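Trainee: Would you mind keeping the following structure in view while I ask a few things?
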Amino acid sequence: MTDPLVQLVVIPVVKLVVILTALLVTVAYLTLLERKVLGYMQVRLGPNRVGPKGLFQPFADVFKLFVKEDLTPAGAQKFVFILAPMLIFVPSFLVWSVIPFGESFSVAGVAVEPFIADINIAVLFILAISSIGVYGLILGGWASNNKFSLMGGLRSAAQMISYEVPMGFAVVSVLLMAGTLSMVGIVESQRSAELWWVFPGLLGFGIYCVCGVAETNRNPFDLPEAEAELVAGFHTEYSGMKFALFYLAEYMNMLLVSSLAVIFFFGGWLPPFPNLLSGLWQLPVLAWIPPVAWYFAKVMCFIFVFIWFRGTFPRYRFDQLMAIGWKWLLPLSLANVLLVGIGVLVFRVWG
Amino acid sequence: MGFMDFLGKLVPFELFKGMAVTGGYFFRRKETIQYPETRMEPADRFRGMFGYDLDRCIDCSLCAKACPIDIIFIEDHVEVNPETKKKKKVIDRYDIDVKRCMFCGLCELACPTEPRSIWLTTKTYETSTYERNEGLYFFKERLADWEGVTAFPGVITPIEGQDPKNPMSKLPVEPAADPATKE
Amino acid sequence: MSGPETPLFDIEEMEINFGPQHPATHGVLRVMVKLDGEKIVESKPIIGYLHRGTEKLFETMDFPACIPHTDRMDYVASATNNQGFCVTMEKLLGISIPPRAAYIRMILAELQRLASHLVWFATHAIDIGAITPFFYNFRDRDEILDLFEEYCGARLTLNTMKIGGVPYELPDGWLDRCRKVADAFPGRIDEYETLLTENRIWKKRTIGIGVISPEEAIEWGLTGPPLRGSGVNWDIRKVFPYDRYDEIDFEIPIGKNCDTYDRYLVRVEEMRQSVRIIQQCLDRLPDGPIMARAPKVLRAKEGMVYGAVEAPKGELGYFIVTTEKGTKPYRCHVRPPSFINLQAMPAMIEGHLVADMIAVIGTLDIVLGEIDR
């Protein structure tokens with residue numbers, strides 16, 4: 001039905017509710033996944049007491065954070081102190097409005113597209129909105145009235161800003177190949193080219209991975225939250241629900257970086273090698289798996305790799321971290337753009 | 001420098017080797033023991049809570065002298081049997097202040113009787129109480145009975161099966177194989 | 001323009017206190033650091049938060065009763081503490097221990113060295129950010145502690161040696177289990193090395209940090225792996241052998257570049273050499289008595305003696321003064337290796353960043369129980 005009520009109100013509201021709920025639940029279970037996977041790599045089981053195999057642990061965590069005492073340190077600026085977690089949480093949430101999860105399918109004769117919006121400058125939107133999160137970090141560190149938090153906040157902000165540049169250039173190399181800024185368009189271009197962009201853009205993918213880990217303040221680039229030096233960095237003084245917002249924002253950022261990597265480089269919701277080796281890969285069972293499942297599986301692989309990195313590597317010192325970002329990654333990403341550009345031109349000229 | 005060296009600078013091969021180690025551990029057997037349901041059985045010589053035998057003790061006070069922190073309190077008096085005129089030492093007080101004990105075993109080593117009258121090889125390490133001053137002060141009768149020290153509910157106490165009169169003897173029954181023991 | 005130029009901004013040095021309660025200082029160590037931005041200008045360690053009066057306690061108890069108290073100084077490596085006290089007392093009283101006791105003591109001491117180096121590895125790695133070696137190391141340490149438990153009854157504060165020998169005979173099957181642990185160990189060390197030794201992040205964090213030249217190291221009085229990492233070939237087990245170490249064939253690893261990475265390599269190689277010593281002792285274990293003939297109540301002659309052993313952290317020395325026919329030491333002073341090594345820390349971290357201070361504290365391998373006694 002093309003009834004405007006359904007088209008303009010019902011479907012978007014339902015999509016909003018479903019997607020945002022799914023996102024929150026995924027992020028909550030991501031905290032459990034991290035603890036279990038990290039535990040498994042460390043010769044121990046993760047949390048396994050609350051519920052079968054520990055599956056109710058996120059609820060216990062959320063409940064605990066709700067009922068914790070909400071402290072504001074003496075001398076802290078109250079307004080900014082409360083504003084900072086919001087400034088970091090809301091952009092992480094907002095960005096998910098343009099990320100596509102699958103192909104459009106029809107439900108009771110109505111075409112439903114599993115994303116909230118598909119604007120044709122989606123990549124720009126994402127890069128811009130996710131940069132607002134840096135404000136939350138700086139203000140959170142500053143408003144805590146604590147030398148260590150301030151140092152942590154400044155370091156974290158410097159790290160995030162300086163790694164956004166090579167990340168942007170790595171994404172530019174994908175845009176050169178895809179030819180469009182819209183997220184759905186990028187995935188469709190991979191389908192029409194019958195090639196995931198990771199294969200020609202391997203260097204870009206490597207740069208994007210490193211920058212993604214640095215952007216989300218994860219090991220090996222997690223000095224701002226290193227326990228050894230600064231106890232917990234910019235969110236030392238936060239407790240209760242405000243801390244929960246910081247915590248959730250970090251995991252949502254992780255999920256965002258993984259999703260972007262999947263969409264830019266690994267074909268979004270496309271099944272692997274749909275048309276190549278057509279004889280072997282035309283298994284009927286592959287056609288039954290919905291695209292959303294492919295997307296989800298790929299994102300989970302990336303999350304696993306994030307946790308794997310955390311479990312294995314030591315962390316860089318701050319000046320070494322900045323040196324890598326500016327001295328190595330930036331020239332490499334520029335070289336990557338040049339190479340990909342030349343490749344695309346050659347490819348177009350020759351056929 | 002050669003191509004592989006340059007590639008090695010860019011692509012961190014040794015980092016992937018490290019990741020292979022941690023990734024391998026993801027699939028291996030885990031070492032966690034679920035405590036109240038399964039319990040780590042200590043070794044035979046494990047120095048745990050005291051066992052004391054009032055009948056064997058000859059009241060020589062060597063254990064009290066050997067204790068580095070003086071937590072064994074002994075008081076006695078001499079009873080004279082009027083018929084046989086034999087003197088006998090009767091122990092009035094034999095108290096151990098377990099809350100300050102460091103379980104070093106010097107009292108056990110000093111005891112001259114055969115088998116010893118005080119021993120630590122009781123394989124009990126769960127001695128927590130809710131009240132420290134009452135719960136961890138063991139006077140004579142309590143040492144013999146131990147009603148204050150109970151294992152966590154549902155766990156088999158190690159004393160079952162161990163001959164309290166001969167603390168260095170082997171257990172008659174093999175303790176249940178701990179699922180987490182190494183192969 | 002005349003007169004001195006006044007700076008536009010007042011540059012003050014920030015003074016930060018890494019308090020006694022901190023996740024990275026190995027115990028209750030407090031460090032006052034003066035920072036210029038991120039560079040450390042001056043630092044001062046402040047100790048005394050774990051002082052328990054051990055040396056005074058020694059004066060109030062008999063010689064055999066002192067031994068459980070020596071356990072608690074360096075609580076990570078208590079067998080070598082016991083060994084130090086016993087070796088010193090045997091030197092004073094002129095007792096020579098039977099060969100079987102000496103070999104058992106060597107096995108226990110080297111097992112303890114392995115356990116202590118495992119704790120060092122775990123905590124050093126976790127300070128620098130690698131969180132998994134901690135769990136692997138403690139799993140392996142648990143196997144060694146199980147061996148100790150089967151031998152003497154305790155896992156951490158062992159009380160496992162007596163003046164004149166060792167108190168217990170080895171239980172059945174202990175030798176086989178010990179051999180199994182020792183044979184499996186080099187494989188484990190290889191695994192840990194795969195995680196860290198060639199890792200570029202690890203190398204970047206540890207090469208060139210905390211450099212101290214050999215001459216300076218000797219002047220500060222460093223001993224143990226910090227001294228050997230700076231290139232000085234000095235190990236008490238080779239230079240003043242005790243307990244039959246002169247009959248065992250092993251090597252002392254020496255570092256070249258005097259930095260944190262070399263100290264790391266020295267300790268890892270020491271672990272391998274300890275395994276070698278254990279295997280040789282297990283092969284050559286002689287039969288015989290395990291205690292020398294010594295009276296039950298030890299009475300000492302008048303005199304003073306200094307005896308030292310090579311603890312995992314460095315040279316652990318005991319200076320004991322006794323009176324004629326006394327059953328207690330008149331004075332017992334302990335030379336803790338961590339205390340002397342910590343004194344070199346301000347010199348080692350000057351000019352480095354705050355993150356390096358944590359690495360240097362880890363590489364010196366200090367235990368506050370020993371420093372404060």
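Residue numbering restarts at 1 for every chain of the structure tokens, chains are lettered A, B, ... in their displayed order, and ligands are numbered from 1 as they appear.
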Residues of chain C no more than 7 Å from chain B, counting only C-alpha atoms: send them over as a PyMOL selection string.

Mentor: chain C and resi 61+65+68+149-150+152-154+159+194-195+198-199

Trainee: Set the distance at 8 Å and use only C-alpha atoms: which residues neighbour region 329-343 of chain C once local chain neighbours fewer than 6 positions away are removed? I'd like the list as a VMD selection string.

Mentor: chain C and resid 45 55 to 56 58 to 63 220 to 224 226 313 to 323 364 to 368 370 to 372

Trainee: Residues of chain A within 6 Å of chain C, counting only C-alpha atoms - could you list those as an NGL selection string?

Mentor: :A and (42 or 228 or 311 or 313-315)

Trainee: Would you list which chain A residues are within 10 Å of chain B using only C-alpha atoms, as a ChimeraX atom specification?

Mentor: /A:37-46,48-49,203,206,305,308-309,311-313,328,332

Trainee: Export, as an mmCIF file, in the first residue's frame, the selected residues with C-alpha atoms.

Mentor:
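Saved file again_32.cif follows:
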data_model
loop_
_atom_site.group_PDB
_atom_site.id
_atom_site.type_symbol
_atom_site.label_atom_id
_atom_site.label_comp_id
_atom_site.auth_asym_id
_atom_site.auth_seq_id
_atom_site.Cartn_x
_atom_site.Cartn_y
_atom_site.Cartn_z
ATOM 1 C CA VAL A 37 36.180 -13.884 24.503
ATOM 2 C CA LEU A 38 38.972 -12.202 26.439
ATOM 3 C CA GLY A 39 38.540 -14.794 29.156
ATOM 4 C CA TYR A 40 38.657 -17.679 26.696
ATOM 5 C CA MET A 41 41.895 -16.363 25.277
ATOM 6 C CA GLN A 42 43.282 -16.080 28.778
ATOM 7 C CA VAL A 43 42.726 -19.722 29.769
ATOM 8 C CA ARG A 44 39.672 -18.930 31.844
ATOM 9 C CA LEU A 45 35.923 -18.733 31.404
ATOM 10 C CA GLY A 46 34.425 -15.293 31.428
ATOM 11 C CA ASN A 48 29.292 -17.609 33.748
ATOM 12 C CA ARG A 49 27.299 -17.380 36.936
ATOM 13 C CA LEU A 203 46.634 -1.047 1.813
ATOM 14 C CA GLY A 206 45.141 -1.981 6.594
ATOM 15 C CA VAL A 305 39.430 -9.259 15.856
ATOM 16 C CA TRP A 308 41.805 -10.396 19.842
ATOM 17 C CA PHE A 309 44.001 -7.326 19.485
ATOM 18 C CA GLY A 311 44.181 -9.668 24.348
ATOM 19 C CA THR A 312 47.501 -9.877 22.605
ATOM 20 C CA PHE A 313 49.342 -6.612 22.300
ATOM 21 C CA TRP A 328 53.643 6.688 8.939
ATOM 22 C CA LEU A 332 50.892 5.957 3.456
#

Trainee: Find the residues around Thr113 (chain B) up to 9 Å (only C-alpha atoms counted), leave out those fewer than 4 positions away in its own chain, and share them as a PyMOL selection string.

Mentor: chain B and resi 56-58+117

Trainee: Those same residues, written as a compact mmCIF listing (two decimals), in the first residue's frame with C-alpha atoms?

Mentor:
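Written out: again25.txt:
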# COMPACT_ATOMS: atom_id res chain seq x y z
CA ARG B 56 48.07 -38.35 73.23
CA CYS B 57 49.24 -34.96 74.42
CA ILE B 58 51.85 -35.29 77.18
CA SER B 117 49.34 -34.81 69.16

Trainee: Counting only C-alpha atoms, which of A:Val112, A:Ala60, A:Leu150, A:Leu127 gets nearest to Lys15 (chain A)?

Mentor: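 Counting only C-alpha atoms, the residue closest to Lys15 (chain A) is A:Val112.
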
Trainee: Can you tell me which residues surround Phe139 (chain B) at a distance of at most 7 Å, considering only C-alpha atoms, apart from same-chain residues fewer than 4 positions away, and format the answer as a PyMOL selection string?

Mentor: chain B and resi 94-96+143

Trainee: Can you write just those residues out, N, CA and C atoms, as an mmCIF file, in the first residue's frame?

Mentor:
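Contents of the output file result04.cif:
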data_model
loop_
_atom_site.group_PDB
_atom_site.id
_atom_site.type_symbol
_atom_site.label_atom_id
_atom_site.label_comp_id
_atom_site.auth_asym_id
_atom_site.auth_seq_id
_atom_site.Cartn_x
_atom_site.Cartn_y
_atom_site.Cartn_z
ATOM 1 N N TYR B 94 44.253 -25.495 77.000
ATOM 2 C CA TYR B 94 45.084 -25.629 75.795
ATOM 3 C C TYR B 94 44.349 -24.861 74.710
ATOM 4 N N ASP B 95 44.739 -23.612 74.544
ATOM 5 C CA ASP B 95 44.022 -22.750 73.605
ATOM 6 C C ASP B 95 44.922 -22.353 72.459
ATOM 7 N N ILE B 96 44.371 -22.282 71.311
ATOM 8 C CA ILE B 96 45.113 -21.773 70.153
ATOM 9 C C ILE B 96 44.321 -20.604 69.563
ATOM 10 N N LEU B 143 38.904 -27.682 69.975
ATOM 11 C CA LEU B 143 39.940 -28.193 69.082
ATOM 12 C C LEU B 143 39.698 -29.649 68.764
#

Trainee: I need the residues of region 31-186 of chain A that end up classed as helix (DSSP H, G or I) by DSSP on the backbone, written out as a compact mmCIF listing (two decimals) with N, CA and C atoms, in the first residue's frame.

Mentor:
# COMPACT_ATOMS: atom_id res chain seq x y z
N THR A 31 29.36 -6.10 25.55
CA THR A 31 30.20 -6.05 26.74
C THR A 31 30.42 -7.46 27.27
N LEU A 32 29.35 -8.27 27.23
CA LEU A 32 29.52 -9.65 27.70
C LEU A 32 30.42 -10.42 26.77
N LEU A 33 30.26 -10.21 25.47
CA LEU A 33 31.06 -10.94 24.49
C LEU A 33 32.53 -10.64 24.70
N GLU A 34 32.83 -9.37 24.96
CA GLU A 34 34.23 -9.02 25.14
C GLU A 34 34.80 -9.76 26.35
N ARG A 35 34.04 -9.75 27.45
CA ARG A 35 34.60 -10.38 28.64
C ARG A 35 34.76 -11.88 28.44
N LYS A 36 33.81 -12.50 27.72
CA LYS A 36 33.92 -13.94 27.54
C LYS A 36 35.05 -14.29 26.59
N VAL A 37 35.14 -13.54 25.48
CA VAL A 37 36.18 -13.88 24.50
C VAL A 37 37.55 -13.63 25.09
N LEU A 38 37.69 -12.51 25.80
CA LEU A 38 38.97 -12.20 26.44
C LEU A 38 39.32 -13.29 27.44
N GLY A 39 38.30 -13.73 28.20
CA GLY A 39 38.54 -14.79 29.16
C GLY A 39 38.96 -16.08 28.48
N TYR A 40 38.31 -16.45 27.39
CA TYR A 40 38.66 -17.68 26.70
C TYR A 40 40.08 -17.63 26.18
N MET A 41 40.51 -16.43 25.75
CA MET A 41 41.89 -16.36 25.28
C MET A 41 42.88 -16.42 26.43
N PRO A 52 22.28 -18.84 32.43
CA PRO A 52 23.03 -19.94 31.81
C PRO A 52 24.19 -19.41 31.01
N LYS A 53 25.37 -19.90 31.30
CA LYS A 53 26.58 -19.47 30.64
C LYS A 53 26.81 -17.96 30.76
N GLY A 54 26.19 -17.34 31.73
CA GLY A 54 26.44 -15.92 31.92
C GLY A 54 25.65 -15.01 31.03
N GLN A 57 24.31 -11.54 32.27
CA GLN A 57 25.26 -10.61 32.87
C GLN A 57 25.02 -9.17 32.46
N PRO A 58 24.70 -8.84 31.19
CA PRO A 58 24.48 -7.42 30.87
C PRO A 58 23.35 -6.81 31.68
N PHE A 59 22.33 -7.59 31.98
CA PHE A 59 21.25 -7.02 32.79
C PHE A 59 21.74 -6.72 34.19
N ALA A 60 22.56 -7.63 34.71
CA ALA A 60 23.11 -7.36 36.04
C ALA A 60 23.99 -6.12 36.02
N ASP A 61 24.77 -5.97 34.95
CA ASP A 61 25.63 -4.79 34.86
C ASP A 61 24.82 -3.51 34.79
N VAL A 62 23.77 -3.52 33.96
CA VAL A 62 22.95 -2.32 33.80
C VAL A 62 22.27 -1.98 35.11
N PHE A 63 21.77 -2.99 35.78
CA PHE A 63 21.10 -2.75 37.06
C PHE A 63 22.07 -2.15 38.07
N LYS A 64 23.30 -2.71 38.10
CA LYS A 64 24.28 -2.20 39.03
C LYS A 64 24.59 -0.73 38.74
N LEU A 65 24.76 -0.41 37.45
CA LEU A 65 25.10 0.97 37.13
C LEU A 65 23.96 1.92 37.44
N PHE A 66 22.73 1.44 37.31
CA PHE A 66 21.58 2.28 37.64
C PHE A 66 21.57 2.67 39.12
N VAL A 67 21.80 1.66 39.96
CA VAL A 67 21.63 1.94 41.39
C VAL A 67 22.89 2.46 42.04
N LYS A 78 29.36 21.72 37.28
CA LYS A 78 28.25 20.78 37.19
C LYS A 78 27.67 20.67 35.79
N PHE A 79 27.46 21.80 35.16
CA PHE A 79 26.79 21.76 33.86
C PHE A 79 27.60 20.97 32.84
N VAL A 80 28.91 21.29 32.80
CA VAL A 80 29.75 20.62 31.81
C VAL A 80 29.90 19.15 32.17
N PHE A 81 29.96 18.88 33.49
CA PHE A 81 30.11 17.50 33.94
C PHE A 81 28.97 16.63 33.45
N ILE A 82 27.76 17.20 33.47
CA ILE A 82 26.61 16.42 33.02
C ILE A 82 26.52 16.42 31.51
N LEU A 83 27.03 17.48 30.88
CA LEU A 83 26.90 17.58 29.42
C LEU A 83 27.82 16.59 28.71
N ALA A 84 28.99 16.35 29.31
CA ALA A 84 30.02 15.59 28.58
C ALA A 84 29.57 14.19 28.15
N PRO A 85 28.99 13.37 29.04
CA PRO A 85 28.58 12.05 28.56
C PRO A 85 27.53 12.13 27.48
N MET A 86 26.67 13.16 27.56
CA MET A 86 25.66 13.26 26.51
C MET A 86 26.31 13.59 25.18
N LEU A 87 27.32 14.45 25.24
CA LEU A 87 27.97 14.85 23.99
C LEU A 87 28.69 13.70 23.32
N ILE A 88 29.04 12.70 24.11
CA ILE A 88 29.74 11.60 23.48
C ILE A 88 28.78 10.50 23.09
N PHE A 89 27.64 10.41 23.78
CA PHE A 89 26.73 9.31 23.51
C PHE A 89 25.83 9.60 22.34
N VAL A 90 25.30 10.83 22.28
CA VAL A 90 24.30 11.11 21.25
C VAL A 90 24.86 11.02 19.83
N PRO A 91 26.05 11.55 19.53
CA PRO A 91 26.54 11.38 18.16
C PRO A 91 26.76 9.93 17.78
N SER A 92 27.23 9.11 18.77
CA SER A 92 27.43 7.70 18.41
C SER A 92 26.13 7.04 18.02
N PHE A 93 25.06 7.50 18.64
CA PHE A 93 23.76 6.93 18.33
C PHE A 93 23.22 7.47 17.01
N LEU A 94 23.49 8.77 16.82
CA LEU A 94 22.90 9.45 15.67
C LEU A 94 23.43 8.89 14.36
N VAL A 95 24.70 8.49 14.39
CA VAL A 95 25.35 8.05 13.16
C VAL A 95 24.67 6.83 12.58
N TRP A 96 24.06 6.02 13.45
CA TRP A 96 23.46 4.78 12.97
C TRP A 96 22.24 4.99 12.10
N SER A 97 21.82 6.24 11.95
CA SER A 97 20.65 6.44 11.12
C SER A 97 20.94 6.26 9.64
N VAL A 98 22.20 6.30 9.25
CA VAL A 98 22.47 6.18 7.81
C VAL A 98 23.15 4.87 7.45
N ALA A 122 26.13 10.25 2.71
CA ALA A 122 26.17 9.55 4.00
C ALA A 122 27.56 9.52 4.60
N VAL A 123 28.58 9.30 3.79
CA VAL A 123 29.94 9.18 4.34
C VAL A 123 30.36 10.47 5.00
N LEU A 124 30.04 11.56 4.35
CA LEU A 124 30.38 12.87 4.92
C LEU A 124 29.67 13.07 6.26
N PHE A 125 28.39 12.68 6.25
CA PHE A 125 27.58 12.79 7.47
C PHE A 125 28.22 12.02 8.61
N ILE A 126 28.63 10.79 8.30
CA ILE A 126 29.21 9.95 9.35
C ILE A 126 30.49 10.57 9.89
N LEU A 127 31.37 10.98 8.99
CA LEU A 127 32.64 11.54 9.46
C LEU A 127 32.41 12.79 10.29
N ALA A 128 31.44 13.61 9.87
CA ALA A 128 31.21 14.85 10.60
C ALA A 128 30.63 14.59 11.98
N ILE A 129 29.59 13.74 12.02
CA ILE A 129 28.91 13.54 13.31
C ILE A 129 29.82 12.81 14.29
N SER A 130 30.59 11.87 13.81
CA SER A 130 31.42 11.16 14.78
C SER A 130 32.53 12.03 15.33
N SER A 131 32.86 13.12 14.64
CA SER A 131 33.87 14.02 15.19
C SER A 131 33.35 14.82 16.36
N ILE A 132 32.02 14.93 16.48
CA ILE A 132 31.50 15.70 17.60
C ILE A 132 31.78 14.99 18.92
N GLY A 133 31.93 13.68 18.85
CA GLY A 133 32.18 12.93 20.08
C GLY A 133 33.43 13.38 20.81
N VAL A 134 34.38 13.94 20.07
CA VAL A 134 35.63 14.36 20.71
C VAL A 134 35.37 15.44 21.75
N TYR A 135 34.35 16.27 21.49
CA TYR A 135 34.03 17.30 22.49
C TYR A 135 33.72 16.70 23.84
N GLY A 136 32.96 15.59 23.77
CA GLY A 136 32.58 14.95 25.03
C GLY A 136 33.79 14.53 25.83
N LEU A 137 34.81 14.02 25.12
CA LEU A 137 36.01 13.56 25.81
C LEU A 137 36.72 14.70 26.52
N ILE A 138 36.94 15.78 25.75
CA ILE A 138 37.72 16.87 26.32
C ILE A 138 36.98 17.48 27.50
N LEU A 139 35.67 17.71 27.30
CA LEU A 139 34.91 18.34 28.37
C LEU A 139 34.81 17.42 29.58
N GLY A 140 34.69 16.11 29.32
CA GLY A 140 34.62 15.18 30.45
C GLY A 140 35.90 15.18 31.26
N GLY A 141 37.02 15.20 30.56
CA GLY A 141 38.28 15.23 31.29
C GLY A 141 38.48 16.52 32.04
N TRP A 142 38.07 17.62 31.44
CA TRP A 142 38.29 18.92 32.06
C TRP A 142 37.35 19.15 33.22
N ALA A 143 36.10 18.72 33.06
CA ALA A 143 35.12 19.04 34.09
C ALA A 143 35.29 18.21 35.35
N LYS A 147 43.71 16.25 37.83
CA LYS A 147 44.85 16.39 36.91
C LYS A 147 44.96 15.21 35.96
N PHE A 148 44.78 13.99 36.54
CA PHE A 148 44.95 12.80 35.71
C PHE A 148 43.88 12.72 34.64
N SER A 149 42.64 13.07 35.01
CA SER A 149 41.57 13.02 34.02
C SER A 149 41.81 14.02 32.91
N LEU A 150 42.32 15.18 33.30
CA LEU A 150 42.57 16.20 32.27
C LEU A 150 43.60 15.70 31.29
N MET A 151 44.68 15.13 31.84
CA MET A 151 45.73 14.61 30.96
C MET A 151 45.16 13.54 30.04
N GLY A 152 44.34 12.65 30.65
CA GLY A 152 43.75 11.58 29.85
C GLY A 152 42.84 12.11 28.77
N GLY A 153 42.03 13.09 29.12
CA GLY A 153 41.11 13.64 28.15
C GLY A 153 41.83 14.31 26.99
N LEU A 154 42.86 15.07 27.32
CA LEU A 154 43.59 15.76 26.25
C LEU A 154 44.29 14.77 25.34
N ARG A 155 44.88 13.75 25.97
CA ARG A 155 45.57 12.75 25.14
C ARG A 155 44.60 12.05 24.23
N SER A 156 43.46 11.68 24.81
CA SER A 156 42.47 10.96 24.02
C SER A 156 42.00 11.80 22.86
N ALA A 157 41.73 13.07 23.12
CA ALA A 157 41.25 13.94 22.05
C ALA A 157 42.30 14.09 20.97
N ALA A 158 43.56 14.29 21.38
CA ALA A 158 44.61 14.45 20.39
C ALA A 158 44.73 13.20 19.53
N GLN A 159 44.63 12.05 20.19
CA GLN A 159 44.74 10.80 19.45
C GLN A 159 43.61 10.66 18.46
N MET A 160 42.38 10.96 18.90
CA MET A 160 41.25 10.77 17.99
C MET A 160 41.33 11.72 16.81
N ILE A 161 41.71 12.95 17.07
CA ILE A 161 41.76 13.89 15.95
C ILE A 161 42.84 13.51 14.97
N SER A 162 44.00 13.10 15.49
CA SER A 162 45.08 12.86 14.54
C SER A 162 44.88 11.58 13.76
N TYR A 163 44.08 10.63 14.27
CA TYR A 163 43.85 9.43 13.47
C TYR A 163 42.65 9.55 12.56
N GLU A 164 41.91 10.64 12.66
CA GLU A 164 40.79 10.79 11.73
C GLU A 164 41.27 11.12 10.34
N VAL A 165 42.44 11.75 10.24
CA VAL A 165 42.92 12.18 8.92
C VAL A 165 43.28 10.98 8.04
N PRO A 166 44.16 10.06 8.51
CA PRO A 166 44.45 8.91 7.65
C PRO A 166 43.21 8.06 7.40
N MET A 167 42.31 8.02 8.40
CA MET A 167 41.10 7.24 8.19
C MET A 167 40.28 7.85 7.06
N GLY A 168 40.19 9.16 7.07
CA GLY A 168 39.45 9.81 6.00
C GLY A 168 40.05 9.51 4.64
N PHE A 169 41.39 9.53 4.56
CA PHE A 169 42.01 9.24 3.27
C PHE A 169 41.82 7.80 2.85
N ALA A 170 41.81 6.88 3.83
CA ALA A 170 41.56 5.49 3.46
C ALA A 170 40.16 5.34 2.89
N VAL A 171 39.23 6.07 3.51
CA VAL A 171 37.85 6.01 3.00
C VAL A 171 37.78 6.65 1.61
N VAL A 172 38.59 7.69 1.39
CA VAL A 172 38.59 8.34 0.07
C VAL A 172 38.99 7.35 -1.02
N SER A 173 39.93 6.46 -0.69
CA SER A 173 40.34 5.50 -1.71
C SER A 173 39.17 4.60 -2.09
N VAL A 174 38.33 4.27 -1.11
CA VAL A 174 37.15 3.46 -1.43
C VAL A 174 36.17 4.26 -2.27
N LEU A 175 36.05 5.55 -1.93
CA LEU A 175 35.11 6.38 -2.69
C LEU A 175 35.53 6.50 -4.14
N LEU A 176 36.87 6.52 -4.35
CA LEU A 176 37.33 6.59 -5.73
C LEU A 176 36.88 5.37 -6.51
N MET A 177 36.95 4.22 -5.83
CA MET A 177 36.56 3.00 -6.54
C MET A 177 35.05 2.90 -6.68
N ALA A 178 34.34 3.35 -5.64
CA ALA A 178 32.90 3.17 -5.67
C ALA A 178 32.19 4.25 -6.46
N MET A 183 25.97 5.21 1.30
CA MET A 183 26.37 3.90 1.82
C MET A 183 25.77 2.77 1.00
N VAL A 184 24.49 2.91 0.72
CA VAL A 184 23.85 1.86 -0.10
C VAL A 184 24.52 1.81 -1.46
N GLY A 185 24.90 2.98 -1.96
CA GLY A 185 25.56 3.01 -3.26
C GLY A 185 26.89 2.30 -3.25
N ILE A 186 27.62 2.42 -2.15
CA ILE A 186 28.93 1.77 -2.08
C ILE A 186 28.75 0.26 -2.13

Trainee: Report, in Å to a single decimal, how far apart CA of Leu145 (chain C) and CA of Tyr261 (chain C) are.

Mentor: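 Spanning CA of Tyr261 (chain C) to CA of Leu145 (chain C) is a straight-line distance of 28.0 Å.
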
Trainee: Could you jot down the CA of Val292 (chain A) to CA of Pro47 (chain A) separation for me, Å, one decimal place?

Mentor: 28.7 Å

Trainee: Have a look at CA of Ser230 (chain C) and CA of Glu251 (chain C) and let me know their distance in Å, one decimal.

Mentor: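 These atoms are spaced 16.4 Å apart.
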